[in-house]
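Engineer: What follows is upload.cif, made up of mmCIF, N, CA and C atoms:
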```cif
data_input
#
loop_
_atom_site.group_PDB
_atom_site.id
_atom_site.type_symbol
_atom_site.label_atom_id
_atom_site.label_comp_id
_atom_site.auth_asym_id
_atom_site.auth_seq_id
_atom_site.Cartn_x
_atom_site.Cartn_y
_atom_site.Cartn_z
ATOM 1 N N MET A 4 14.351 -14.032 -15.652
ATOM 2 C CA MET A 4 14.603 -14.750 -14.419
ATOM 3 C C MET A 4 14.141 -13.888 -13.233
ATOM 4 N N ILE A 5 13.499 -14.504 -12.283
ATOM 5 C CA ILE A 5 12.969 -13.797 -11.121
ATOM 6 C C ILE A 5 14.003 -13.813 -9.996
ATOM 7 N N ASP A 6 14.270 -12.654 -9.453
ATOM 8 C CA ASP A 6 15.207 -12.536 -8.329
ATOM 9 C C ASP A 6 14.425 -12.733 -7.027
ATOM 10 N N TRP A 7 14.243 -14.007 -6.626
ATOM 11 C CA TRP A 7 13.440 -14.322 -5.445
ATOM 12 C C TRP A 7 14.036 -13.746 -4.174
ATOM 13 N N THR A 8 15.347 -13.694 -4.087
ATOM 14 C CA THR A 8 15.982 -13.132 -2.895
ATOM 15 C C THR A 8 15.597 -11.674 -2.724
ATOM 16 N N ALA A 9 15.641 -10.916 -3.803
ATOM 17 C CA ALA A 9 15.272 -9.494 -3.732
ATOM 18 C C ALA A 9 13.785 -9.334 -3.413
ATOM 19 N N LEU A 10 12.943 -10.170 -4.017
ATOM 20 C CA LEU A 10 11.513 -10.094 -3.740
ATOM 21 C C LEU A 10 11.198 -10.440 -2.289
ATOM 22 N N LEU A 11 11.840 -11.474 -1.772
ATOM 23 C CA LEU A 11 11.639 -11.835 -0.372
ATOM 24 C C LEU A 11 12.127 -10.731 0.563
ATOM 25 N N ARG A 12 13.264 -10.153 0.245
ATOM 26 C CA ARG A 12 13.796 -9.056 1.059
ATOM 27 C C ARG A 12 12.816 -7.881 1.051
ATOM 28 N N LEU A 13 12.288 -7.570 -0.114
ATOM 29 C CA LEU A 13 11.317 -6.493 -0.232
ATOM 30 C C LEU A 13 10.073 -6.799 0.600
ATOM 31 N N GLY A 14 9.542 -7.997 0.441
ATOM 32 C CA GLY A 14 8.310 -8.352 1.138
ATOM 33 C C GLY A 14 8.470 -8.484 2.640
ATOM 34 N N LEU A 15 9.503 -9.203 3.066
ATOM 35 C CA LEU A 15 9.658 -9.490 4.488
ATOM 36 C C LEU A 15 10.290 -8.343 5.267
ATOM 37 N N HIS A 16 11.241 -7.679 4.672
ATOM 38 C CA HIS A 16 11.916 -6.583 5.376
ATOM 39 C C HIS A 16 11.342 -5.217 5.007
ATOM 40 N N GLY A 17 11.212 -4.960 3.728
ATOM 41 C CA GLY A 17 10.737 -3.653 3.288
ATOM 42 C C GLY A 17 9.278 -3.405 3.598
ATOM 43 N N LEU A 18 8.442 -4.393 3.309
ATOM 44 C CA LEU A 18 7.005 -4.239 3.520
ATOM 45 C C LEU A 18 6.543 -4.845 4.846
ATOM 46 N N ARG A 19 7.445 -5.510 5.538
ATOM 47 C CA ARG A 19 7.178 -6.125 6.853
ATOM 48 C C ARG A 19 6.009 -7.105 6.816
ATOM 49 N N LEU A 20 5.973 -7.905 5.766
ATOM 50 C CA LEU A 20 4.963 -8.938 5.647
ATOM 51 C C LEU A 20 5.444 -10.210 6.327
ATOM 52 N N THR A 21 4.506 -11.016 6.787
ATOM 53 C CA THR A 21 4.871 -12.340 7.268
ATOM 54 C C THR A 21 5.066 -13.224 6.040
ATOM 55 N N PRO A 22 5.755 -14.349 6.188
ATOM 56 C CA PRO A 22 5.902 -15.237 5.039
ATOM 57 C C PRO A 22 4.556 -15.652 4.442
ATOM 58 N N ASP A 23 3.578 -15.967 5.294
ATOM 59 C CA ASP A 23 2.255 -16.344 4.785
ATOM 60 C C ASP A 23 1.618 -15.218 3.984
ATOM 61 N N GLN A 24 1.741 -13.990 4.472
ATOM 62 C CA GLN A 24 1.191 -12.845 3.748
ATOM 63 C C GLN A 24 1.890 -12.661 2.409
ATOM 64 N N PHE A 25 3.225 -12.776 2.426
ATOM 65 C CA PHE A 25 4.002 -12.611 1.194
ATOM 66 C C PHE A 25 3.571 -13.622 0.139
ATOM 67 N N TRP A 26 3.517 -14.901 0.502
ATOM 68 C CA TRP A 26 3.227 -15.940 -0.476
ATOM 69 C C TRP A 26 1.776 -15.938 -0.918
ATOM 70 N N ALA A 27 0.894 -15.285 -0.172
ATOM 71 C CA ALA A 27 -0.515 -15.194 -0.553
ATOM 72 C C ALA A 27 -0.769 -14.079 -1.570
ATOM 73 N N LEU A 28 0.193 -13.164 -1.740
ATOM 74 C CA LEU A 28 0.027 -12.046 -2.670
ATOM 75 C C LEU A 28 0.122 -12.505 -4.117
ATOM 76 N N THR A 29 -0.612 -11.820 -4.967
ATOM 77 C CA THR A 29 -0.421 -12.014 -6.401
ATOM 78 C C THR A 29 0.738 -11.108 -6.832
ATOM 79 N N PRO A 30 1.353 -11.373 -7.977
ATOM 80 C CA PRO A 30 2.412 -10.476 -8.456
ATOM 81 C C PRO A 30 1.920 -9.029 -8.606
ATOM 82 N N ALA A 31 0.679 -8.862 -9.039
ATOM 83 C CA ALA A 31 0.131 -7.509 -9.197
ATOM 84 C C ALA A 31 0.016 -6.807 -7.844
ATOM 85 N N GLU A 32 -0.427 -7.527 -6.825
ATOM 86 C CA GLU A 32 -0.541 -6.926 -5.486
ATOM 87 C C GLU A 32 0.828 -6.538 -4.942
ATOM 88 N N LEU A 33 1.806 -7.416 -5.120
ATOM 89 C CA LEU A 33 3.161 -7.113 -4.646
ATOM 90 C C LEU A 33 3.725 -5.894 -5.371
ATOM 91 N N ALA A 34 3.531 -5.809 -6.670
ATOM 92 C CA ALA A 34 4.022 -4.661 -7.431
ATOM 93 C C ALA A 34 3.362 -3.371 -6.961
ATOM 94 N N LEU A 35 2.065 -3.423 -6.703
ATOM 95 C CA LEU A 35 1.351 -2.241 -6.225
ATOM 96 C C LEU A 35 1.866 -1.812 -4.852
ATOM 97 N N MET A 36 2.021 -2.762 -3.939
ATOM 98 C CA MET A 36 2.514 -2.446 -2.593
ATOM 99 C C MET A 36 3.938 -1.899 -2.623
ATOM 100 N N ALA A 37 4.723 -2.372 -3.579
ATOM 101 C CA ALA A 37 6.116 -1.943 -3.694
ATOM 102 C C ALA A 37 6.261 -0.628 -4.449
ATOM 103 N N GLY A 38 5.142 -0.119 -4.979
ATOM 104 C CA GLY A 38 5.210 1.123 -5.737
ATOM 105 C C GLY A 38 5.758 0.933 -7.135
ATOM 106 N N LEU A 39 5.656 -0.280 -7.650
ATOM 107 C CA LEU A 39 6.199 -0.581 -8.970
ATOM 108 C C LEU A 39 5.149 -0.554 -10.069
ATOM 109 N N ASP A 40 3.916 -0.245 -9.719
ATOM 110 C CA ASP A 40 2.829 -0.233 -10.688
ATOM 111 C C ASP A 40 2.811 1.103 -11.427
ATOM 112 N N PRO A 41 3.108 1.108 -12.725
ATOM 113 C CA PRO A 41 3.135 2.380 -13.460
ATOM 114 C C PRO A 41 1.758 3.029 -13.585
ATOM 115 N N GLN A 42 0.689 2.251 -13.385
ATOM 116 C CA GLN A 42 -0.667 2.778 -13.464
ATOM 117 C C GLN A 42 -1.133 3.392 -12.143
ATOM 118 N N ALA A 43 -0.383 3.141 -11.070
ATOM 119 C CA ALA A 43 -0.817 3.599 -9.748
ATOM 120 C C ALA A 43 -0.769 5.115 -9.641
ATOM 121 N N ALA A 44 -1.701 5.643 -8.898
ATOM 122 C CA ALA A 44 -1.728 7.088 -8.661
ATOM 123 C C ALA A 44 -0.604 7.459 -7.695
ATOM 124 N N PRO A 45 -0.057 8.656 -7.836
ATOM 125 C CA PRO A 45 0.983 9.081 -6.898
ATOM 126 C C PRO A 45 0.395 9.244 -5.494
ATOM 127 N N ALA A 46 1.262 9.197 -4.515
ATOM 128 C CA ALA A 46 0.814 9.375 -3.134
ATOM 129 C C ALA A 46 0.159 10.739 -2.960
ATOM 130 N N MET A 47 -0.824 10.795 -2.104
ATOM 131 C CA MET A 47 -1.545 12.044 -1.874
ATOM 132 C C MET A 47 -0.682 13.008 -1.052
ATOM 133 N N ALA A 48 -0.597 14.234 -1.506
ATOM 134 C CA ALA A 48 0.157 15.265 -0.792
ATOM 135 C C ALA A 48 -0.722 15.878 0.300
ATOM 136 N N ARG A 49 -0.091 16.517 1.255
ATOM 137 C CA ARG A 49 -0.798 17.119 2.382
ATOM 138 C C ARG A 49 -1.836 18.147 1.926
ATOM 139 N N ASP A 50 -1.497 18.940 0.911
ATOM 140 C CA ASP A 50 -2.433 19.953 0.414
ATOM 141 C C ASP A 50 -3.721 19.319 -0.122
ATOM 142 N N ARG A 51 -3.578 18.206 -0.838
ATOM 143 C CA ARG A 51 -4.756 17.529 -1.383
ATOM 144 C C ARG A 51 -5.601 16.935 -0.257
ATOM 145 N N LEU A 52 -4.947 16.387 0.764
ATOM 146 C CA LEU A 52 -5.679 15.854 1.911
ATOM 147 C C LEU A 52 -6.461 16.963 2.607
ATOM 148 N N ALA A 53 -5.846 18.112 2.779
ATOM 149 C CA ALA A 53 -6.530 19.247 3.412
ATOM 150 C C ALA A 53 -7.724 19.693 2.567
ATOM 151 N N GLU A 54 -7.542 19.695 1.261
ATOM 152 C CA GLU A 54 -8.630 20.073 0.359
ATOM 153 C C GLU A 54 -9.805 19.102 0.475
ATOM 154 N N LEU A 55 -9.514 17.823 0.473
ATOM 155 C CA LEU A 55 -10.567 16.824 0.600
ATOM 156 C C LEU A 55 -11.231 16.868 1.977
ATOM 157 N N SER A 56 -10.437 17.125 3.016
ATOM 158 C CA SER A 56 -10.991 17.229 4.367
ATOM 159 C C SER A 56 -11.949 18.406 4.483
ATOM 160 N N ALA A 57 -11.643 19.495 3.799
ATOM 161 C CA ALA A 57 -12.532 20.659 3.817
ATOM 162 C C ALA A 57 -13.819 20.365 3.040
ATOM 163 N N LEU A 58 -13.691 19.648 1.936
ATOM 164 C CA LEU A 58 -14.866 19.313 1.128
ATOM 165 C C LEU A 58 -15.759 18.269 1.791
ATOM 166 N N TYR A 59 -15.140 17.339 2.497
ATOM 167 C CA TYR A 59 -15.878 16.213 3.087
ATOM 168 C C TYR A 59 -15.485 16.055 4.558
ATOM 169 N N PRO A 60 -15.927 16.983 5.404
ATOM 170 C CA PRO A 60 -15.538 16.901 6.827
ATOM 171 C C PRO A 60 -16.161 15.684 7.510
ATOM 172 N N ASP A 61 -15.475 15.193 8.506
ATOM 173 C CA ASP A 61 -16.013 14.093 9.309
ATOM 174 C C ASP A 61 -17.196 14.629 10.108
ATOM 175 N N GLU A 62 -18.202 13.834 10.220
ATOM 176 C CA GLU A 62 -19.376 14.216 10.995
ATOM 177 C C GLU A 62 -19.510 13.249 12.161
ATOM 178 N N ARG A 63 -19.824 13.799 13.315
ATOM 179 C CA ARG A 63 -20.048 12.946 14.468
ATOM 180 C C ARG A 63 -21.475 12.447 14.445
ATOM 181 N N ARG A 64 -21.607 11.195 14.741
ATOM 182 C CA ARG A 64 -22.941 10.606 14.807
ATOM 183 C C ARG A 64 -23.533 10.867 16.180
ATOM 184 N N SER A 65 -24.794 11.244 16.217
ATOM 185 C CA SER A 65 -25.439 11.446 17.509
ATOM 186 C C SER A 65 -25.784 10.085 18.087
ATOM 187 N N GLU A 66 -25.631 9.990 19.383
ATOM 188 C CA GLU A 66 -25.878 8.703 20.051
ATOM 189 C C GLU A 66 -27.255 8.630 20.627
#
```
The structure in this file should be written as structure tokens.

Structural biologist:
Amino acid sequence: MIDWTALLRLGLHGLRLTPDQFWALTPAELALMAGLDPQAAPAMARDRLAELSALYPDERRSE
């Protein structure tokens, strides 16, 4: 049985989606956004971001 009240609370309050955005999501998208996807990669830590920033620095485009 699906707990629609909990899902709506998660989508509308937790994820701050509009009703249209919530109902347009697939179950897989909602699970990913909610952090419920066991296949999802963990959030990036600050050290990893710094490492990637050093490897791939932003370059300014000449005008």

Engineer: Hey, can you check how far atom CA of A:Met36 sits from atom CA of A:Tyr59?

Structural biologist: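 Taking atom CA of A:Met36 as the start and atom CA of A:Tyr59 as the end point, the length is 26.8 Å.
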
Engineer: Figure out the distance between atom N of A:Arg63 and atom C of A:Arg49, please, to one decimal in Å.

Structural biologist: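 Distance reported for this atom pair: 21.7 Å.
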
Engineer: Take atom C of A:Arg12 and atom CA of A:Phe25 and report the distance between them in Å, one decimal.

Structural biologist: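 Spanning atom C of A:Arg12 to atom CA of A:Phe25 is a straight-line distance of 10.0 Å.
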
Engineer: Please write out, as JSON, where the centre of an axis-aligned box around all listed atoms of stretch 20-27 of chain A lies and how long its edges are, in Å to one decimal, after adding 8 Å on each side.

Structural biologist:
```
{"center_x": 2.6, "center_y": -12.1, "center_z": 2.8, "size_x": 22.7, "size_y": 24.4, "size_z": 24.8}
```

Engineer: If you count only C-alpha atoms, which residues fall within 10 Å of A:Leu10, apart from same-chain ones fewer than 5 positions away, as a list of chain:residue names?

Structural biologist: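 Surrounding residues, per the criterion: A:Ile5, A:Leu15, A:His16, A:Gly17, A:Phe25, A:Leu33, A:Ala34, A:Ala37.
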